[in-house]
$ cat run.txt   # compact mmCIF, C-alpha atoms and all ligand atoms
# COMPACT_ATOMS: atom_id res chain seq x y z
CA MET A 1 26.08 21.43 48.64
CA GLU A 2 27.64 22.26 45.29
CA THR A 3 31.27 21.28 44.78
CA THR A 4 33.67 20.42 41.94
CA LEU A 5 33.96 16.96 40.53
CA LYS A 6 37.56 16.87 41.73
CA GLU A 7 36.44 17.29 45.35
CA LEU A 8 33.61 14.82 44.90
CA LEU A 9 35.92 12.15 43.54
CA LYS A 10 38.25 12.55 46.52
CA ILE A 11 35.35 11.24 48.64
CA ALA A 12 34.95 8.31 46.25
CA GLU A 13 38.68 7.58 46.38
CA ALA A 14 38.76 7.60 50.18
CA LYS A 15 35.82 5.16 50.33
CA ASN A 16 36.83 3.01 47.33
CA ILE A 17 33.47 3.61 45.66
CA ALA A 18 32.28 5.39 42.51
CA PHE A 19 29.69 8.08 41.89
CA ALA A 20 27.27 8.04 39.00
CA SER A 21 27.29 10.84 36.48
CA PHE A 22 23.72 10.88 35.26
CA ASN A 23 22.84 12.51 31.98
CA ALA A 24 19.66 14.40 32.76
CA PRO A 25 18.27 16.10 29.65
CA ASN A 26 15.00 17.29 31.17
CA TYR A 27 13.18 18.18 34.38
CA GLU A 28 11.87 14.65 34.96
CA SER A 29 15.25 12.90 34.75
CA ALA A 30 17.03 15.55 36.85
CA LEU A 31 14.35 15.34 39.54
CA ALA A 32 14.56 11.52 39.56
CA VAL A 33 18.31 11.74 40.23
CA VAL A 34 18.01 14.43 42.91
CA GLU A 35 15.26 12.56 44.77
CA ALA A 36 17.20 9.28 44.67
CA ALA A 37 20.38 10.97 45.94
CA GLU A 38 18.60 12.66 48.81
CA GLU A 39 16.85 9.45 49.79
CA LEU A 40 20.17 7.56 49.94
CA GLN A 41 22.30 10.54 51.01
CA VAL A 42 24.71 9.82 48.17
CA PRO A 43 26.70 12.50 46.28
CA PHE A 44 25.76 12.80 42.61
CA ILE A 45 26.65 14.40 39.30
CA LEU A 46 24.12 15.94 36.91
CA SER A 47 25.49 15.88 33.42
CA HIS A 48 24.52 17.50 30.14
CA GLY A 49 25.95 16.80 26.70
CA PRO A 50 25.52 18.87 23.52
CA GLY A 51 23.73 15.90 21.93
CA HIS A 52 20.90 16.48 24.40
CA ASP A 53 20.37 20.14 23.49
CA LYS A 54 17.51 18.96 21.30
CA TYR A 55 15.61 17.88 24.45
CA THR A 56 16.46 20.91 26.58
CA ASP A 57 19.18 23.35 25.61
CA ILE A 58 22.13 23.87 27.91
CA THR A 59 20.95 27.26 29.25
CA ARG A 60 17.53 25.97 30.25
CA VAL A 61 18.87 22.68 31.56
CA MET A 62 21.21 24.59 33.87
CA ASP A 63 18.24 26.57 35.20
CA ILE A 64 16.50 23.26 35.91
CA TYR A 65 19.59 21.79 37.63
CA LYS A 66 20.08 24.88 39.79
CA SER A 67 16.47 25.13 40.86
CA LEU A 68 16.23 21.43 41.73
CA THR A 69 19.42 21.44 43.81
CA LYS A 70 18.90 24.71 45.67
CA HIS A 71 18.24 23.02 49.01
CA VAL A 72 20.18 19.80 48.50
CA LYS A 73 22.61 18.97 51.33
CA VAL A 74 24.63 16.08 49.82
CA PRO A 75 27.63 17.07 47.66
CA PHE A 76 26.86 17.36 43.96
CA CYS A 77 28.21 18.99 40.83
CA PHE A 78 27.22 19.90 37.29
CA HIS A 79 29.26 18.31 34.54
CA LEU A 80 29.49 18.91 30.81
CA ASP A 81 29.70 15.63 28.91
CA HIS A 82 31.56 14.83 25.63
CA THR A 83 32.39 17.68 23.34
CA SER A 84 35.36 18.77 21.29
CA ASP A 85 33.86 22.24 20.78
CA LEU A 86 35.89 24.74 22.80
CA ASP A 87 33.29 27.51 22.43
CA TYR A 88 30.62 25.20 23.81
CA ILE A 89 32.89 24.39 26.76
CA GLU A 90 33.36 28.09 27.47
CA LYS A 91 29.59 28.62 27.32
CA ALA A 92 29.10 25.78 29.84
CA LEU A 93 31.71 27.25 32.19
CA LYS A 94 30.00 30.63 32.03
CA LEU A 95 26.66 29.01 32.83
CA GLY A 96 28.13 27.43 35.97
CA PHE A 97 29.20 23.90 35.04
CA THR A 98 31.96 23.17 37.55
CA SER A 99 33.32 20.28 35.55
CA VAL A 100 33.78 19.84 31.80
CA MET A 101 34.80 17.03 29.52
CA TYR A 102 36.91 17.64 26.46
CA ASP A 103 36.72 14.64 24.15
CA GLY A 104 39.55 14.66 21.65
CA SER A 105 39.76 10.89 21.43
CA HIS A 106 38.88 10.97 17.71
CA GLU A 107 41.78 13.33 17.03
CA SER A 108 45.45 12.48 16.70
CA TYR A 109 47.21 12.01 20.03
CA GLU A 110 49.18 15.27 19.75
CA GLU A 111 46.07 17.23 18.76
CA ASN A 112 44.20 15.73 21.73
CA VAL A 113 47.05 16.79 24.06
CA LYS A 114 47.19 20.31 22.60
CA ASN A 115 43.43 20.96 22.84
CA THR A 116 43.09 19.36 26.25
CA ILE A 117 45.77 21.74 27.57
CA LYS A 118 43.74 24.67 26.19
CA VAL A 119 40.63 23.42 28.02
CA VAL A 120 42.55 22.92 31.27
CA GLU A 121 43.75 26.54 31.07
CA MET A 122 40.25 27.78 30.28
CA ALA A 123 38.62 25.78 33.11
CA LYS A 124 41.21 27.03 35.58
CA GLN A 125 39.86 30.57 35.20
CA TYR A 126 36.48 29.32 36.40
CA GLY A 127 37.82 27.00 39.12
CA ALA A 128 36.36 24.04 37.23
CA SER A 129 37.76 20.54 36.77
CA VAL A 130 38.50 18.81 33.46
CA GLU A 131 37.93 15.29 32.22
CA ALA A 132 39.54 14.10 28.99
CA GLU A 133 39.45 10.84 27.07
CA LEU A 134 42.01 8.48 25.62
CA GLY A 135 41.15 5.46 23.49
CA THR A 136 37.89 4.75 21.69
CA ILE A 137 34.59 4.16 23.45
CA ALA A 138 32.11 2.64 21.01
CA SER A 139 28.52 3.74 20.52
CA SER A 140 25.37 1.84 19.77
CA SER A 141 21.98 3.20 18.95
CA TYR A 142 18.83 1.47 19.97
CA GLY A 143 17.17 -0.23 17.05
CA ASN A 144 20.43 -1.01 15.28
CA SER A 145 21.07 -4.69 15.21
CA GLU A 146 24.77 -4.15 15.38
CA THR A 147 26.73 -2.52 18.11
CA LEU A 148 29.79 -0.74 16.84
CA LEU A 149 32.46 -2.50 18.79
CA VAL A 150 36.03 -1.32 18.85
CA SER A 151 38.98 -3.65 18.82
CA SER A 152 41.12 -3.89 21.91
CA SER A 153 43.92 -2.13 20.02
CA GLU A 154 41.85 1.04 20.47
CA TYR A 155 41.54 0.61 24.23
CA THR A 156 43.48 3.04 26.40
CA ASP A 157 47.19 2.33 26.58
CA SER A 158 48.65 2.75 30.08
CA ASN A 159 51.95 4.30 28.93
CA GLN A 160 50.14 6.80 26.76
CA ALA A 161 47.72 7.53 29.64
CA LYS A 162 50.65 8.37 31.92
CA ASP A 163 52.15 10.73 29.34
CA PHE A 164 48.75 12.29 28.61
CA VAL A 165 47.88 13.02 32.24
CA GLU A 166 51.34 14.44 32.96
CA ARG A 167 51.39 16.71 29.93
CA THR A 168 47.81 18.01 30.15
CA GLY A 169 47.26 18.39 33.89
CA ILE A 170 43.69 17.02 33.68
CA ASP A 171 41.70 16.11 36.79
CA MET A 172 40.06 12.92 35.50
CA LEU A 173 40.71 10.48 32.70
CA ALA A 174 38.01 8.60 30.77
CA ILE A 175 39.39 5.29 29.58
CA ALA A 176 38.33 2.75 26.96
CA ILE A 177 38.19 -0.87 28.14
CA GLY A 178 35.35 -2.23 25.98
CA THR A 179 32.28 -0.41 27.30
CA VAL A 180 29.74 1.02 24.86
CA HIS A 181 27.53 4.10 24.90
CA GLY A 182 23.88 3.14 24.58
CA VAL A 183 22.12 -0.22 24.66
CA TYR A 184 24.28 -3.35 24.78
CA THR A 185 23.15 -5.79 22.12
CA THR A 186 25.57 -8.45 23.31
CA LYS A 187 27.10 -9.03 26.74
CA PRO A 188 30.13 -6.72 26.94
CA ILE A 189 33.52 -8.30 27.45
CA LEU A 190 35.50 -5.81 29.46
CA ASP A 191 39.24 -5.57 29.95
CA LEU A 192 38.90 -4.87 33.68
CA ASN A 193 42.55 -5.55 34.41
CA ARG A 194 43.51 -2.66 32.15
CA ILE A 195 41.95 -0.29 34.73
CA LYS A 196 44.44 -1.52 37.32
CA LEU A 197 47.39 -1.11 34.94
CA ILE A 198 46.38 2.49 34.15
CA ARG A 199 45.65 3.26 37.81
CA GLU A 200 49.18 2.20 38.73
CA VAL A 201 50.76 4.84 36.49
CA VAL A 202 48.37 7.81 36.61
CA ASP A 203 47.47 9.82 39.70
CA VAL A 204 44.01 11.09 38.68
CA PRO A 205 40.64 9.35 39.14
CA LEU A 206 39.51 7.16 36.24
CA VAL A 207 36.14 7.42 34.54
CA LEU A 208 34.07 4.69 32.92
CA HIS A 209 31.64 5.63 30.16
CA GLY A 210 28.81 3.42 28.98
CA GLY A 211 28.00 2.36 32.56
CA SER A 212 24.40 1.41 31.78
CA GLY A 213 23.82 -2.30 31.32
CA ILE A 214 27.04 -3.56 32.90
CA GLU A 215 26.53 -6.33 35.42
CA ASN A 216 27.03 -5.62 39.09
CA GLU A 217 29.89 -8.11 39.33
CA ASP A 218 31.91 -6.28 36.65
CA ILE A 219 31.03 -2.88 38.14
CA GLN A 220 32.42 -3.96 41.52
CA ILE A 221 35.71 -5.14 39.96
CA ALA A 222 35.97 -1.91 37.95
CA ILE A 223 35.55 0.15 41.13
CA ASP A 224 38.04 -1.94 43.09
CA ASN A 225 40.49 -1.51 40.21
CA GLY A 226 40.21 2.29 40.37
CA ILE A 227 37.09 3.62 38.59
CA ARG A 228 35.64 6.59 40.52
CA LYS A 229 33.02 8.06 38.16
CA ILE A 230 30.66 6.04 36.02
CA ASN A 231 28.60 7.70 33.30
CA TYR A 232 25.07 6.41 33.31
CA TYR A 233 21.99 7.25 31.29
CA THR A 234 20.53 4.79 28.77
CA TYR A 235 19.02 2.24 31.15
CA MET A 236 17.58 4.96 33.40
CA THR A 237 15.70 6.61 30.56
CA LEU A 238 14.59 3.18 29.32
CA ALA A 239 13.21 2.46 32.81
CA GLY A 240 11.19 5.69 32.64
CA GLY A 241 9.93 4.79 29.18
CA GLU A 242 8.95 1.28 30.23
CA ALA A 243 7.01 2.58 33.24
CA VAL A 244 5.09 4.94 30.95
CA GLN A 245 4.48 2.14 28.45
CA ARG A 246 2.90 -0.07 31.13
CA PHE A 247 0.68 2.80 32.25
CA VAL A 248 -0.43 3.67 28.71
CA ASN A 249 -1.25 0.04 27.96
CA ASN A 250 -3.51 -0.15 31.01
CA HIS A 251 -5.43 3.11 30.66
CA GLU A 252 -7.81 4.42 28.08
CA LYS A 253 -7.60 8.12 28.76
CA ILE A 254 -4.11 9.50 29.33
CA PHE A 255 -3.33 12.77 31.07
CA PHE A 256 0.16 14.05 30.42
CA HIS A 257 0.75 15.05 34.06
CA ASP A 258 0.36 11.38 35.03
CA ILE A 259 2.92 10.33 32.42
CA SER A 260 5.42 12.83 33.81
CA LEU A 261 4.99 11.48 37.37
CA ILE A 262 5.25 7.86 36.28
CA ALA A 263 8.40 8.55 34.27
CA ILE A 264 10.01 10.27 37.27
CA GLU A 265 9.22 7.33 39.54
CA GLY A 266 10.48 4.78 36.99
CA MET A 267 13.76 6.65 36.52
CA LYS A 268 14.12 7.24 40.26
CA GLN A 269 13.91 3.51 41.00
CA ASP A 270 16.63 2.87 38.44
CA ALA A 271 18.79 5.71 39.84
CA LEU A 272 18.40 4.29 43.37
CA ARG A 273 19.57 0.86 42.22
CA THR A 274 22.50 2.41 40.34
CA MET A 275 23.62 4.59 43.25
CA LYS A 276 23.48 1.61 45.62
CA MET A 277 25.51 -0.49 43.21
CA PHE A 278 28.22 2.14 42.67
CA THR A 279 28.52 2.91 46.40
CA LYS A 280 28.61 -0.79 47.33
CA ARG A 281 25.31 -0.97 49.18
CA ASP A 282 22.99 -3.95 48.96
CA ILE A 283 20.72 -3.84 45.92
ZN ZN B 1 30.62 8.95 27.28
$ encode --input "run.txt" --output "structure tokens" --more "lines below"
Ligand SMILES: [Zn+2]
Amino acid sequence: METTLKELLKIAEAKNIAFASFNAPNYESALAVVEAAEELQVPFILSHGPGHDKYTDITRVMDIYKSLTKHVKVPFCFHLDHTSDLDYIEKALKLGFTSVMYDGSHESYEENVKNTIKVVEMAKQYGASVEAELGTIASSSYGNSETLLVSSSEYTDSNQAKDFVERTGIDMLAIAIGTVHGVYTTKPILDLNRIKLIREVVDVPLVLHGGSGIENEDIQIAIDNGIRKINYYTYMTLAGGEAVQRFVNNHEKIFFHDISLIAIEGMKQDALRTMKMFTKRDI
């Protein structure tokens, strides 16, 4: 059953759990997520970011999402991840994304406020919800020895978060507490208490990016402190890649259709574990 992210996160709030927002840049990863969600009967979010257009462009990826979810009974939604491109956001809304993220965190605070308001107005016309970001979430790329960490002075400030949410009218706020996009090269040290401080002053659900690779213990504290959506991708796609690698190493002749199936199963197992973790089931 398709819904908006706003509605979906109300369920998470009522149950004190979080839902995963899985980046799914191709048929295999989207199918892995859908199959895992149906098996566990857990709501889910399929997410596409402009950075993944090189794998499958947004128009085709939406066709894939829609066809794979046609008969799905659990609540789900389609979310547009990180962009500051307003035209791209409009394109996503027209294609049927019911939730969009505007990321103006690299802009000045006032510019971020101004553009986020524009996106909120635009999304309203489509009945879609809006996520915005405050603070800096670092990125790492696999293969780099160094992870670009940000100092805690760039983490989300609770007073600014309150002002931002009130002025923009967003539905969800992505916050920076020390998580990193991509592969963690060192164990992340998270400012989990900051979630609680922000939660006390803002009345919208909070979003954690860089959810891959965070230990279960920290995830549980983050959820109890108020995180309701956790963006997840890197470790799922790595799990698919590792499953394929094992298969390739053990076989002489490789048929591509086998690789596709093995990747789906590898990613599905990782999605199952992630969904259980975020919804507080035994893993
Ligand atoms: Zn992110």
$ residues_near_point --input "run.txt" --point "(34.3, 7.1, 26.6)" --cutoff "8 Å" --atoms "all atoms listed in the file" --output "list in words"
Glu133, Leu134, Gly135, Thr136, Ile137, Ala138, Ala174, Ile175, Ala176, Thr179, Val180, His181, Leu208, His209 and Gly210 of chain A
$ atom_distance --input "run.txt" --atom1 "atom CA of Leu31 of chain A" --atom2 "atom CA of Phe78 of chain A"
13.8 Å
$ closest_residue --input "run.txt" --among "A:Pro188, A:Pro75, A:Gly96, A:Gly211" --to "ligand ZN 1 (chain B)" --atoms "all atoms listed in the file"
A:Gly211
$ atom_distance --input "run.txt" --atom1 "atom CA of Gln220 of chain A" --atom2 "atom CA of Tyr233 of chain A"
18.4 Å
$ closest_residue --input "run.txt" --among "A:Ile223, A:Ala123, A:Ile230, A:Leu272" --to "ligand ZN 1 (chain B)" --atoms "all atoms listed in the file"
A:Ile230
$ atom_distance --input "run.txt" --atom1 "atom CA of Thr274 of chain A" --atom2 "atom CA of Leu9 of chain A"
16.9 Å
$ axis_aligned_box --input "run.txt" --around "segment 171-184 of chain A" --padding-each-side "3 Å" --output "JSON"
{"center_x": 31.9, "center_y": 6.4, "center_z": 30.7, "size_x": 25.6, "size_y": 25.5, "size_z": 18.2}
$ decode --input "run.txt" --residues "segment 190-202 of chain A" --atoms "all heavy atoms" --output "PDB file, in the first residue's frame"
ATOM      1  N   LEU A 190      29.572   8.460  17.835  1.00  0.00           N
ATOM      2  CA  LEU A 190      28.361   9.228  17.568  1.00  0.00           C
ATOM      3  C   LEU A 190      27.932  10.036  18.781  1.00  0.00           C
ATOM      4  O   LEU A 190      28.080   9.597  19.920  1.00  0.00           O
ATOM      5  CB  LEU A 190      27.232   8.273  17.158  1.00  0.00           C
ATOM      6  CG  LEU A 190      27.545   7.327  15.994  1.00  0.00           C
ATOM      7  CD1 LEU A 190      26.361   6.422  15.711  1.00  0.00           C
ATOM      8  CD2 LEU A 190      27.929   8.111  14.747  1.00  0.00           C
ATOM      9  N   ASP A 191      27.407  11.206  18.537  1.00  0.00           N
ATOM     10  CA  ASP A 191      26.866  12.048  19.601  1.00  0.00           C
ATOM     11  C   ASP A 191      25.373  11.718  19.735  1.00  0.00           C
ATOM     12  O   ASP A 191      24.508  12.474  19.288  1.00  0.00           O
ATOM     13  CB  ASP A 191      27.090  13.520  19.230  1.00  0.00           C
ATOM     14  CG  ASP A 191      26.720  14.456  20.355  1.00  0.00           C
ATOM     15  OD1 ASP A 191      26.149  13.982  21.361  1.00  0.00           O
ATOM     16  OD2 ASP A 191      26.971  15.666  20.221  1.00  0.00           O
ATOM     17  N   LEU A 192      25.102  10.571  20.343  1.00  0.00           N
ATOM     18  CA  LEU A 192      23.715  10.066  20.391  1.00  0.00           C
ATOM     19  C   LEU A 192      22.815  10.920  21.269  1.00  0.00           C
ATOM     20  O   LEU A 192      21.605  10.999  21.056  1.00  0.00           O
ATOM     21  CB  LEU A 192      23.713   8.610  20.870  1.00  0.00           C
ATOM     22  CG  LEU A 192      24.392   7.629  19.910  1.00  0.00           C
ATOM     23  CD1 LEU A 192      24.722   6.323  20.608  1.00  0.00           C
ATOM     24  CD2 LEU A 192      23.518   7.372  18.689  1.00  0.00           C
ATOM     25  N   ASN A 193      23.418  11.565  22.255  1.00  0.00           N
ATOM     26  CA  ASN A 193      22.622  12.405  23.149  1.00  0.00           C
ATOM     27  C   ASN A 193      22.066  13.643  22.437  1.00  0.00           C
ATOM     28  O   ASN A 193      21.019  14.172  22.810  1.00  0.00           O
ATOM     29  CB  ASN A 193      23.469  12.814  24.359  1.00  0.00           C
ATOM     30  CG  ASN A 193      22.601  13.291  25.490  1.00  0.00           C
ATOM     31  OD1 ASN A 193      21.612  12.637  25.830  1.00  0.00           O
ATOM     32  ND2 ASN A 193      22.939  14.440  26.043  1.00  0.00           N
ATOM     33  N   ARG A 194      22.778  14.045  21.393  1.00  0.00           N
ATOM     34  CA  ARG A 194      22.344  15.211  20.614  1.00  0.00           C
ATOM     35  C   ARG A 194      20.957  14.961  19.982  1.00  0.00           C
ATOM     36  O   ARG A 194      20.163  15.881  19.805  1.00  0.00           O
ATOM     37  CB  ARG A 194      23.389  15.526  19.536  1.00  0.00           C
ATOM     38  CG  ARG A 194      23.175  16.844  18.825  1.00  0.00           C
ATOM     39  CD  ARG A 194      24.306  17.081  17.846  1.00  0.00           C
ATOM     40  NE  ARG A 194      25.561  17.404  18.519  1.00  0.00           N
ATOM     41  CZ  ARG A 194      26.053  18.622  18.650  1.00  0.00           C
ATOM     42  NH1 ARG A 194      25.409  19.653  18.146  1.00  0.00           N
ATOM     43  NH2 ARG A 194      27.187  18.842  19.278  1.00  0.00           N
ATOM     44  N   ILE A 195      20.689  13.690  19.650  1.00  0.00           N
ATOM     45  CA  ILE A 195      19.382  13.349  19.057  1.00  0.00           C
ATOM     46  C   ILE A 195      18.279  13.738  20.042  1.00  0.00           C
ATOM     47  O   ILE A 195      17.276  14.349  19.682  1.00  0.00           O
ATOM     48  CB  ILE A 195      19.293  11.829  18.746  1.00  0.00           C
ATOM     49  CG1 ILE A 195      20.421  11.384  17.816  1.00  0.00           C
ATOM     50  CG2 ILE A 195      17.919  11.471  18.167  1.00  0.00           C
ATOM     51  CD1 ILE A 195      20.566   9.871  17.692  1.00  0.00           C
ATOM     52  N   LYS A 196      18.509  13.361  21.291  1.00  0.00           N
ATOM     53  CA  LYS A 196      17.509  13.632  22.347  1.00  0.00           C
ATOM     54  C   LYS A 196      17.284  15.141  22.505  1.00  0.00           C
ATOM     55  O   LYS A 196      16.152  15.605  22.602  1.00  0.00           O
ATOM     56  CB  LYS A 196      18.026  13.032  23.659  1.00  0.00           C
ATOM     57  CG  LYS A 196      16.923  12.511  24.565  1.00  0.00           C
ATOM     58  CD  LYS A 196      17.478  12.150  25.916  1.00  0.00           C
ATOM     59  CE  LYS A 196      17.770  10.675  26.017  1.00  0.00           C
ATOM     60  NZ  LYS A 196      18.368  10.305  27.317  1.00  0.00           N
ATOM     61  N   LEU A 197      18.377  15.886  22.499  1.00  0.00           N
ATOM     62  CA  LEU A 197      18.287  17.350  22.670  1.00  0.00           C
ATOM     63  C   LEU A 197      17.487  17.983  21.527  1.00  0.00           C
ATOM     64  O   LEU A 197      16.673  18.877  21.745  1.00  0.00           O
ATOM     65  CB  LEU A 197      19.682  17.980  22.715  1.00  0.00           C
ATOM     66  CG  LEU A 197      20.590  17.556  23.863  1.00  0.00           C
ATOM     67  CD1 LEU A 197      21.954  18.224  23.735  1.00  0.00           C
ATOM     68  CD2 LEU A 197      19.954  17.932  25.217  1.00  0.00           C
ATOM     69  N   ILE A 198      17.721  17.482  20.306  1.00  0.00           N
ATOM     70  CA  ILE A 198      17.000  18.036  19.142  1.00  0.00           C
ATOM     71  C   ILE A 198      15.529  17.608  19.197  1.00  0.00           C
ATOM     72  O   ILE A 198      14.626  18.397  18.947  1.00  0.00           O
ATOM     73  CB  ILE A 198      17.672  17.589  17.816  1.00  0.00           C
ATOM     74  CG1 ILE A 198      19.122  18.091  17.756  1.00  0.00           C
ATOM     75  CG2 ILE A 198      16.883  18.094  16.609  1.00  0.00           C
ATOM     76  CD1 ILE A 198      19.971  17.494  16.642  1.00  0.00           C
ATOM     77  N   ARG A 199      15.323  16.353  19.575  1.00  0.00           N
ATOM     78  CA  ARG A 199      13.957  15.793  19.645  1.00  0.00           C
ATOM     79  C   ARG A 199      13.083  16.591  20.618  1.00  0.00           C
ATOM     80  O   ARG A 199      11.878  16.718  20.433  1.00  0.00           O
ATOM     81  CB  ARG A 199      14.039  14.317  20.070  1.00  0.00           C
ATOM     82  CG  ARG A 199      12.737  13.571  19.984  1.00  0.00           C
ATOM     83  CD  ARG A 199      12.373  13.310  18.534  1.00  0.00           C
ATOM     84  NE  ARG A 199      11.005  12.822  18.391  1.00  0.00           N
ATOM     85  CZ  ARG A 199      10.016  13.545  17.911  1.00  0.00           C
ATOM     86  NH1 ARG A 199      10.206  14.803  17.557  1.00  0.00           N
ATOM     87  NH2 ARG A 199       8.805  13.024  17.782  1.00  0.00           N
ATOM     88  N   GLU A 200      13.726  17.088  21.685  1.00  0.00           N
ATOM     89  CA  GLU A 200      12.969  17.835  22.698  1.00  0.00           C
ATOM     90  C   GLU A 200      12.436  19.164  22.170  1.00  0.00           C
ATOM     91  O   GLU A 200      11.448  19.682  22.678  1.00  0.00           O
ATOM     92  CB  GLU A 200      13.851  18.088  23.936  1.00  0.00           C
ATOM     93  CG  GLU A 200      13.865  16.889  24.872  1.00  0.00           C
ATOM     94  CD  GLU A 200      14.999  16.942  25.893  1.00  0.00           C
ATOM     95  OE1 GLU A 200      15.632  18.009  26.036  1.00  0.00           O
ATOM     96  OE2 GLU A 200      15.238  15.898  26.526  1.00  0.00           O
ATOM     97  N   VAL A 201      13.082  19.708  21.140  1.00  0.00           N
ATOM     98  CA  VAL A 201      12.673  21.046  20.686  1.00  0.00           C
ATOM     99  C   VAL A 201      12.034  21.088  19.295  1.00  0.00           C
ATOM    100  O   VAL A 201      11.511  22.119  18.884  1.00  0.00           O
ATOM    101  CB  VAL A 201      13.852  22.058  20.747  1.00  0.00           C
ATOM    102  CG1 VAL A 201      14.246  22.330  22.186  1.00  0.00           C
ATOM    103  CG2 VAL A 201      15.059  21.570  19.941  1.00  0.00           C
ATOM    104  N   VAL A 202      12.101  19.976  18.554  1.00  0.00           N
ATOM    105  CA  VAL A 202      11.424  19.968  17.247  1.00  0.00           C
ATOM    106  C   VAL A 202      10.316  18.909  17.249  1.00  0.00           C
ATOM    107  O   VAL A 202      10.423  17.904  17.944  1.00  0.00           O
ATOM    108  CB  VAL A 202      12.371  19.710  16.042  1.00  0.00           C
ATOM    109  CG1 VAL A 202      13.519  20.682  16.021  1.00  0.00           C
ATOM    110  CG2 VAL A 202      12.874  18.290  16.017  1.00  0.00           C
TER     111      VAL A 202
END
